[in-house]
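Student: Structure incoming, see below.
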Amino acid sequence: EADIYQTPRYLVIGTGKKITLECSQTMGHDKMYWYQQDPGMELHLIHYSYGVNSTEKGDLSSESTVSRIRTEHFPLTLESARPSHTSQYLCASSEYGAGQVGEQYFGPGTRLTVT
Amino acid sequence: QKEVEQNSGPLSVPEGAIASLNCTYSDRGSQSFFWYRQYSGKSPELIMSIYSNGDKEDGRFTAQLNKASQYVSLLIRDSQPSDSATYLCAVKLGNQFYFGTGTSLTVIP
């Protein structure tokens, strides 16, 4: 079944730790995205990728990095977590190609708490 | 100016009524338009997409697009308590998606 997977779903860690949030998709999509969303607030784009070995920063600088070595995998790494990183992190993917509507689908999210 | 503007609500409608949600966008180059439903603590779920002027119907949902007015709306007919959620409007501009802050809808039994 085509889907988007995120792990872990919930994570509580201490300040200064390095963490990687995993995202995989079986949608066959080229484009993938990471968003950050605080409760009741709008989504903020952190990073996006158009395909393998392609990554770009979004509007929100969250001191994170991403990699895209495989089409289906788009992990997000926080080198040194801070309490300000406490938020929900959403991974998404969309289809690519001229003339396509480009619908974007979201994974279930990772809720991160930094103590 | 934000790319996408929505009335944050809250919007309350009685069960069985029509809920009308509205959205405006600023960039005329926007290509595709989307409505997502987001339950509290969950991720957004795509419910409708539209890219041509006019109406698009899917079950109880109708999306309306007016590019001249830069306006997108979502109608939910026969509203159910399970429709209570935040509804996000999104537009696709180039390869990026821009989201509104969402409208909170409560359907009262």
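Each chain in the structure tokens gets a letter, A, B and so on, in the order shown; residues start at 1 in every chain, and ligands are counted from 1 in the order they appear.
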Would you mind listing, for every residue of stretch 9-81 of chain A within 12 Å of stretch 83-88 of chain B, the two atoms forming the shortest contact and the distance between them in Å to one decimal, using only C-alpha atoms, sorted by chain and ascending residue number, as a tab-separated table?
Tutor:
residue	atom	partner	partner_atom	distance
A:Pro39	CA	B:Thr86	CA	11.4
A:Gly40	CA	B:Thr86	CA	8.8
A:Met41	CA	B:Thr86	CA	10.6
A:Glu42	CA	B:Leu88	CA	8.8
A:Leu43	CA	B:Leu88	CA	9.7
Student: Generate the output file for the selected residues, N, CA and C atoms, as a CSV table (one decimal), in the first residue's frame.
Tutor:
chain,number,residue,atom,x,y,z
A,39,PRO,N,1.2,23.5,18.0
A,39,PRO,CA,-0.2,23.3,18.1
A,39,PRO,C,-1.0,24.6,17.8
A,40,GLY,N,-2.0,24.4,16.9
A,40,GLY,CA,-2.8,25.5,16.5
A,40,GLY,C,-2.2,26.5,15.6
A,41,MET,N,-1.0,26.2,15.1
A,41,MET,CA,-0.3,27.2,14.3
A,41,MET,C,-0.1,26.7,12.9
A,42,GLU,N,0.4,27.6,12.0
A,42,GLU,CA,0.5,27.2,10.6
A,42,GLU,C,1.7,26.3,10.4
A,43,LEU,N,1.8,25.7,9.3
A,43,LEU,CA,2.9,24.8,8.9
A,43,LEU,C,4.1,25.7,8.4
Student: Which residues of chain A sit at most 12 Å from chain B, using only C-alpha atoms? Give each one's shortest atom pair and distance in Å (one decimal place), in chain and ascending residue order, as a tab-separated table.
Tutor:
residue	atom	partner	partner_atom	distance
A:Ile4	CA	B:Ser43	CA	11.4
A:Tyr5	CA	B:Ser43	CA	11.9
A:Gln6	CA	B:Ser43	CA	11.2
A:Arg9	CA	B:Lys42	CA	10.9
A:Tyr10	CA	B:Gly41	CA	11.6
A:Asp30	CA	B:Asn95	CA	11.3
A:Lys31	CA	B:Asn95	CA	8.5
A:Met32	CA	B:Gln96	CA	10.3
A:Tyr33	CA	B:Gln96	CA	9.1
A:Trp34	CA	B:Phe97	CA	11.4
A:Tyr35	CA	B:Phe97	CA	10.6
A:Gln36	CA	B:Ser43	CA	11.0
A:Gln37	CA	B:Ser43	CA	9.6
A:Asp38	CA	B:Gly41	CA	9.9
A:Pro39	CA	B:Gly41	CA	7.5
A:Gly40	CA	B:Thr101	CA	8.1
A:Met41	CA	B:Thr101	CA	6.2
A:Glu42	CA	B:Thr101	CA	4.5
A:Leu43	CA	B:Phe99	CA	6.6
A:His44	CA	B:Phe99	CA	8.4
A:Leu45	CA	B:Phe97	CA	8.6
A:Ile46	CA	B:Gln96	CA	11.5
A:His47	CA	B:Gln96	CA	10.6
A:Tyr48	CA	B:Gln96	CA	8.6
A:Ser49	CA	B:Asn95	CA	9.7
A:Tyr50	CA	B:Asn95	CA	8.3
A:Gly51	CA	B:Asn95	CA	12.0
A:Glu56	CA	B:Gln96	CA	11.0
A:Lys57	CA	B:Gln96	CA	11.5
A:Gly58	CA	B:Gln96	CA	9.3
A:Asp59	CA	B:Tyr98	CA	10.8
A:Ser87	CA	B:Gly41	CA	11.0
A:Gln88	CA	B:Gly41	CA	8.7
A:Tyr89	CA	B:Ser43	CA	9.4
A:Leu90	CA	B:Ser43	CA	7.1
A:Cys91	CA	B:Ser43	CA	9.3
A:Ala92	CA	B:Pro44	CA	9.8
A:Ser93	CA	B:Phe97	CA	11.0
A:Ser94	CA	B:Asn95	CA	9.4
A:Glu95	CA	B:Asn95	CA	10.2
A:Tyr96	CA	B:Asn95	CA	8.7
A:Gly97	CA	B:Asn95	CA	10.1
A:Ala98	CA	B:Gly94	CA	10.5
A:Gly99	CA	B:Gln31	CA	9.7
A:Gln100	CA	B:Ser32	CA	9.2
A:Val101	CA	B:Ser32	CA	6.0
A:Gly102	CA	B:Ser32	CA	7.5
A:Glu103	CA	B:Ser49	CA	7.2
A:Gln104	CA	B:Leu46	CA	7.6
A:Tyr105	CA	B:Leu46	CA	6.7
A:Phe106	CA	B:Pro44	CA	6.4
A:Gly107	CA	B:Ser43	CA	6.8
A:Pro108	CA	B:Ser43	CA	5.4
A:Gly109	CA	B:Ser43	CA	6.1
A:Thr110	CA	B:Ser43	CA	9.5
A:Arg111	CA	B:Gly41	CA	9.0
Student: Please indicate the distance in Å from atom CA of B:Lys67 to atom CA of B:Arg37, rounded to one decimal place.
Tutor: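 Taking atom CA of B:Lys67 as the start and atom CA of B:Arg37 as the end point, the length is 22.4 Å.
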Student: In Å, rounded to a single decimal, give me how far atom CA of B:Pro109 is from atom CA of B:Asp55.
Tutor: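 Computing the Euclidean distance for atom CA of B:Asp55 and atom CA of B:Pro109 yields 28.1 Å.
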Student: Compile the contact shell of stretch 64-80 of chain A as a PDB file with all heavy atoms, in the first residue's frame: residues with an atom at most 7 Å away, counting only C-alpha atoms, same-chain residues fewer than 4 positions apart removed.
Tutor:
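What landed in part_12.pdb:
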ATOM      1  N   GLY A  16      20.887  19.292  23.730  1.00  0.00           N
ATOM      2  CA  GLY A  16      22.234  18.999  23.249  1.00  0.00           C
ATOM      3  C   GLY A  16      22.375  17.685  22.517  1.00  0.00           C
ATOM      4  O   GLY A  16      23.412  17.435  21.886  1.00  0.00           O
ATOM      5  N   LYS A  17      21.350  16.842  22.571  1.00  0.00           N
ATOM      6  CA  LYS A  17      21.421  15.543  21.899  1.00  0.00           C
ATOM      7  C   LYS A  17      21.264  15.711  20.387  1.00  0.00           C
ATOM      8  O   LYS A  17      20.583  16.607  19.897  1.00  0.00           O
ATOM      9  CB  LYS A  17      20.330  14.618  22.424  1.00  0.00           C
ATOM     10  CG  LYS A  17      20.425  14.303  23.903  1.00  0.00           C
ATOM     11  CD  LYS A  17      21.640  13.473  24.220  1.00  0.00           C
ATOM     12  CE  LYS A  17      21.623  13.055  25.686  1.00  0.00           C
ATOM     13  NZ  LYS A  17      22.819  12.261  26.057  1.00  0.00           N
ATOM     14  N   LYS A  18      21.890  14.791  19.655  1.00  0.00           N
ATOM     15  CA  LYS A  18      21.718  14.723  18.210  1.00  0.00           C
ATOM     16  C   LYS A  18      20.641  13.693  17.896  1.00  0.00           C
ATOM     17  O   LYS A  18      20.667  12.585  18.450  1.00  0.00           O
ATOM     18  CB  LYS A  18      23.030  14.324  17.539  1.00  0.00           C
ATOM     19  CG  LYS A  18      22.936  14.137  16.026  1.00  0.00           C
ATOM     20  CD  LYS A  18      24.281  13.738  15.440  1.00  0.00           C
ATOM     21  CE  LYS A  18      24.181  13.514  13.930  1.00  0.00           C
ATOM     22  NZ  LYS A  18      25.506  13.141  13.345  1.00  0.00           N
ATOM     23  N   ILE A  19      19.697  14.071  17.053  1.00  0.00           N
ATOM     24  CA  ILE A  19      18.608  13.150  16.726  1.00  0.00           C
ATOM     25  C   ILE A  19      18.344  13.145  15.233  1.00  0.00           C
ATOM     26  O   ILE A  19      18.609  14.131  14.535  1.00  0.00           O
ATOM     27  CB  ILE A  19      17.297  13.523  17.456  1.00  0.00           C
ATOM     28  CG1 ILE A  19      16.859  14.949  17.088  1.00  0.00           C
ATOM     29  CG2 ILE A  19      17.445  13.365  18.952  1.00  0.00           C
ATOM     30  CD1 ILE A  19      15.466  15.274  17.539  1.00  0.00           C
ATOM     31  N   THR A  20      17.847  12.031  14.754  1.00  0.00           N
ATOM     32  CA  THR A  20      17.423  11.915  13.366  1.00  0.00           C
ATOM     33  C   THR A  20      15.990  11.437  13.313  1.00  0.00           C
ATOM     34  O   THR A  20      15.641  10.419  13.919  1.00  0.00           O
ATOM     35  CB  THR A  20      18.324  10.940  12.588  1.00  0.00           C
ATOM     36  OG1 THR A  20      19.654  11.462  12.542  1.00  0.00           O
ATOM     37  CG2 THR A  20      17.811  10.754  11.161  1.00  0.00           C
ATOM     38  N   LEU A  21      15.168  12.205  12.611  1.00  0.00           N
ATOM     39  CA  LEU A  21      13.773  11.828  12.387  1.00  0.00           C
ATOM     40  C   LEU A  21      13.694  11.175  11.010  1.00  0.00           C
ATOM     41  O   LEU A  21      14.143  11.738  10.014  1.00  0.00           O
ATOM     42  CB  LEU A  21      12.870  13.064  12.447  1.00  0.00           C
ATOM     43  CG  LEU A  21      13.005  13.932  13.690  1.00  0.00           C
ATOM     44  CD1 LEU A  21      11.989  15.073  13.650  1.00  0.00           C
ATOM     45  CD2 LEU A  21      12.859  13.122  14.957  1.00  0.00           C
ATOM     46  N   GLU A  22      13.095   9.979  10.992  1.00  0.00           N
ATOM     47  CA  GLU A  22      13.067   9.205   9.764  1.00  0.00           C
ATOM     48  C   GLU A  22      11.765   9.437   8.999  1.00  0.00           C
ATOM     49  O   GLU A  22      10.695   9.600   9.579  1.00  0.00           O
ATOM     50  CB  GLU A  22      13.207   7.719  10.064  1.00  0.00           C
ATOM     51  CG  GLU A  22      14.492   7.339  10.776  1.00  0.00           C
ATOM     52  CD  GLU A  22      15.707   7.405   9.863  1.00  0.00           C
ATOM     53  OE1 GLU A  22      15.524   7.516   8.633  1.00  0.00           O
ATOM     54  OE2 GLU A  22      16.835   7.348  10.378  1.00  0.00           O
ATOM     55  N   CYS A  23      11.880   9.445   7.667  1.00  0.00           N
ATOM     56  CA  CYS A  23      10.712   9.549   6.794  1.00  0.00           C
ATOM     57  C   CYS A  23      10.947   8.694   5.559  1.00  0.00           C
ATOM     58  O   CYS A  23      11.982   8.833   4.886  1.00  0.00           O
ATOM     59  CB  CYS A  23      10.454  10.993   6.380  1.00  0.00           C
ATOM     60  SG  CYS A  23       9.086  11.165   5.205  1.00  0.00           S
ATOM     61  N   SER A  24      10.006   7.831   5.284  1.00  0.00           N
ATOM     62  CA  SER A  24      10.070   7.006   4.078  1.00  0.00           C
ATOM     63  C   SER A  24       8.713   7.018   3.395  1.00  0.00           C
ATOM     64  O   SER A  24       7.683   7.086   4.055  1.00  0.00           O
ATOM     65  CB  SER A  24      10.448   5.561   4.425  1.00  0.00           C
ATOM     66  OG  SER A  24      11.753   5.494   4.934  1.00  0.00           O
ATOM     67  N   GLN A  25       8.735   6.930   2.066  1.00  0.00           N
ATOM     68  CA  GLN A  25       7.470   6.904   1.333  1.00  0.00           C
ATOM     69  C   GLN A  25       7.514   5.840   0.236  1.00  0.00           C
ATOM     70  O   GLN A  25       8.559   5.609  -0.370  1.00  0.00           O
ATOM     71  CB  GLN A  25       7.139   8.292   0.749  1.00  0.00           C
ATOM     72  CG  GLN A  25       8.246   8.935  -0.079  1.00  0.00           C
ATOM     73  CD  GLN A  25       8.079   8.793  -1.579  1.00  0.00           C
ATOM     74  OE1 GLN A  25       7.104   8.201  -2.074  1.00  0.00           O
ATOM     75  NE2 GLN A  25       9.020   9.362  -2.328  1.00  0.00           N
ATOM     76  N   THR A  26       6.360   5.227   0.052  1.00  0.00           N
ATOM     77  CA  THR A  26       6.197   4.229  -1.015  1.00  0.00           C
ATOM     78  C   THR A  26       5.210   4.751  -2.047  1.00  0.00           C
ATOM     79  O   THR A  26       4.542   3.970  -2.730  1.00  0.00           O
ATOM     80  CB  THR A  26       5.717   2.897  -0.434  1.00  0.00           C
ATOM     81  OG1 THR A  26       4.496   3.121   0.308  1.00  0.00           O
ATOM     82  CG2 THR A  26       6.756   2.297   0.499  1.00  0.00           C
ATOM     83  N   ASP A  30       8.753  11.976  -6.370  1.00  0.00           N
ATOM     84  CA  ASP A  30      10.104  12.527  -6.402  1.00  0.00           C
ATOM     85  C   ASP A  30      10.310  13.602  -5.338  1.00  0.00           C
ATOM     86  O   ASP A  30      11.380  13.727  -4.773  1.00  0.00           O
ATOM     87  CB  ASP A  30      10.397  13.150  -7.776  1.00  0.00           C
ATOM     88  CG  ASP A  30      10.682  12.084  -8.821  1.00  0.00           C
ATOM     89  OD1 ASP A  30      11.438  11.148  -8.509  1.00  0.00           O
ATOM     90  OD2 ASP A  30      10.152  12.191  -9.935  1.00  0.00           O
ATOM     91  N   GLY A  51      14.505  15.488  -5.605  1.00  0.00           N
ATOM     92  CA  GLY A  51      14.911  14.161  -6.025  1.00  0.00           C
ATOM     93  C   GLY A  51      16.223  13.786  -5.365  1.00  0.00           C
ATOM     94  O   GLY A  51      16.746  14.523  -4.516  1.00  0.00           O
ATOM     95  N   VAL A  52      16.764  12.642  -5.749  1.00  0.00           N
ATOM     96  CA  VAL A  52      18.009  12.161  -5.157  1.00  0.00           C
ATOM     97  C   VAL A  52      19.107  13.215  -5.313  1.00  0.00           C
ATOM     98  O   VAL A  52      19.260  13.818  -6.378  1.00  0.00           O
ATOM     99  CB  VAL A  52      18.421  10.833  -5.811  1.00  0.00           C
ATOM    100  CG1 VAL A  52      19.814  10.414  -5.365  1.00  0.00           C
ATOM    101  CG2 VAL A  52      17.412   9.745  -5.481  1.00  0.00           C
ATOM    102  N   ASN A  53      19.840  13.421  -4.213  1.00  0.00           N
ATOM    103  CA  ASN A  53      20.958  14.373  -4.136  1.00  0.00           C
ATOM    104  C   ASN A  53      20.541  15.827  -4.321  1.00  0.00           C
ATOM    105  O   ASN A  53      21.385  16.687  -4.593  1.00  0.00           O
ATOM    106  CB  ASN A  53      22.047  14.015  -5.151  1.00  0.00           C
ATOM    107  CG  ASN A  53      22.712  12.689  -4.842  1.00  0.00           C
ATOM    108  OD1 ASN A  53      22.886  12.329  -3.678  1.00  0.00           O
ATOM    109  ND2 ASN A  53      23.061  11.947  -5.873  1.00  0.00           N
ATOM    110  N   SER A  54      19.255  16.114  -4.182  1.00  0.00           N
ATOM    111  CA  SER A  54      18.738  17.477  -4.269  1.00  0.00           C
ATOM    112  C   SER A  54      18.083  17.856  -2.953  1.00  0.00           C
ATOM    113  O   SER A  54      17.130  17.192  -2.521  1.00  0.00           O
ATOM    114  CB  SER A  54      17.706  17.568  -5.397  1.00  0.00           C
ATOM    115  OG  SER A  54      16.802  18.647  -5.174  1.00  0.00           O
ATOM    116  N   THR A  55      18.606  18.881  -2.269  1.00  0.00           N
ATOM    117  CA  THR A  55      17.968  19.370  -1.047  1.00  0.00           C
ATOM    118  C   THR A  55      18.038  20.895  -1.022  1.00  0.00           C
ATOM    119  O   THR A  55      19.002  21.488  -1.506  1.00  0.00           O
ATOM    120  CB  THR A  55      18.633  18.818   0.223  1.00  0.00           C
ATOM    121  OG1 THR A  55      19.990  19.254   0.277  1.00  0.00           O
ATOM    122  CG2 THR A  55      18.572  17.306   0.279  1.00  0.00           C
TER     123      THR A  55
END
Student: For the structure I just gave you, how does DSSP split stretch 46-111 of chain A - specifically, which residues are strand (DSSP E)? Reply as a list of chain:residue names.
Tutor: A:Ile46, A:His47, A:Tyr48, A:Ser49, A:Tyr50, A:Gly51, A:Ser54, A:Thr55, A:Glu56, A:Lys57, A:Ser64, A:Thr65, A:Val66, A:Leu76, A:Thr77, A:Leu78, A:Ser87, A:Gln88, A:Tyr89, A:Leu90, A:Cys91, A:Ala92, A:Ser93, A:Ser94, A:Gln104, A:Tyr105, A:Phe106, A:Thr110, A:Arg111
Student: When you draw a straight line from atom CA of B:Leu93 to atom CA of A:Ser84, how long is it in Å?
Tutor: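 Between atom CA of B:Leu93 and atom CA of A:Ser84 the gap is 29.2 Å.
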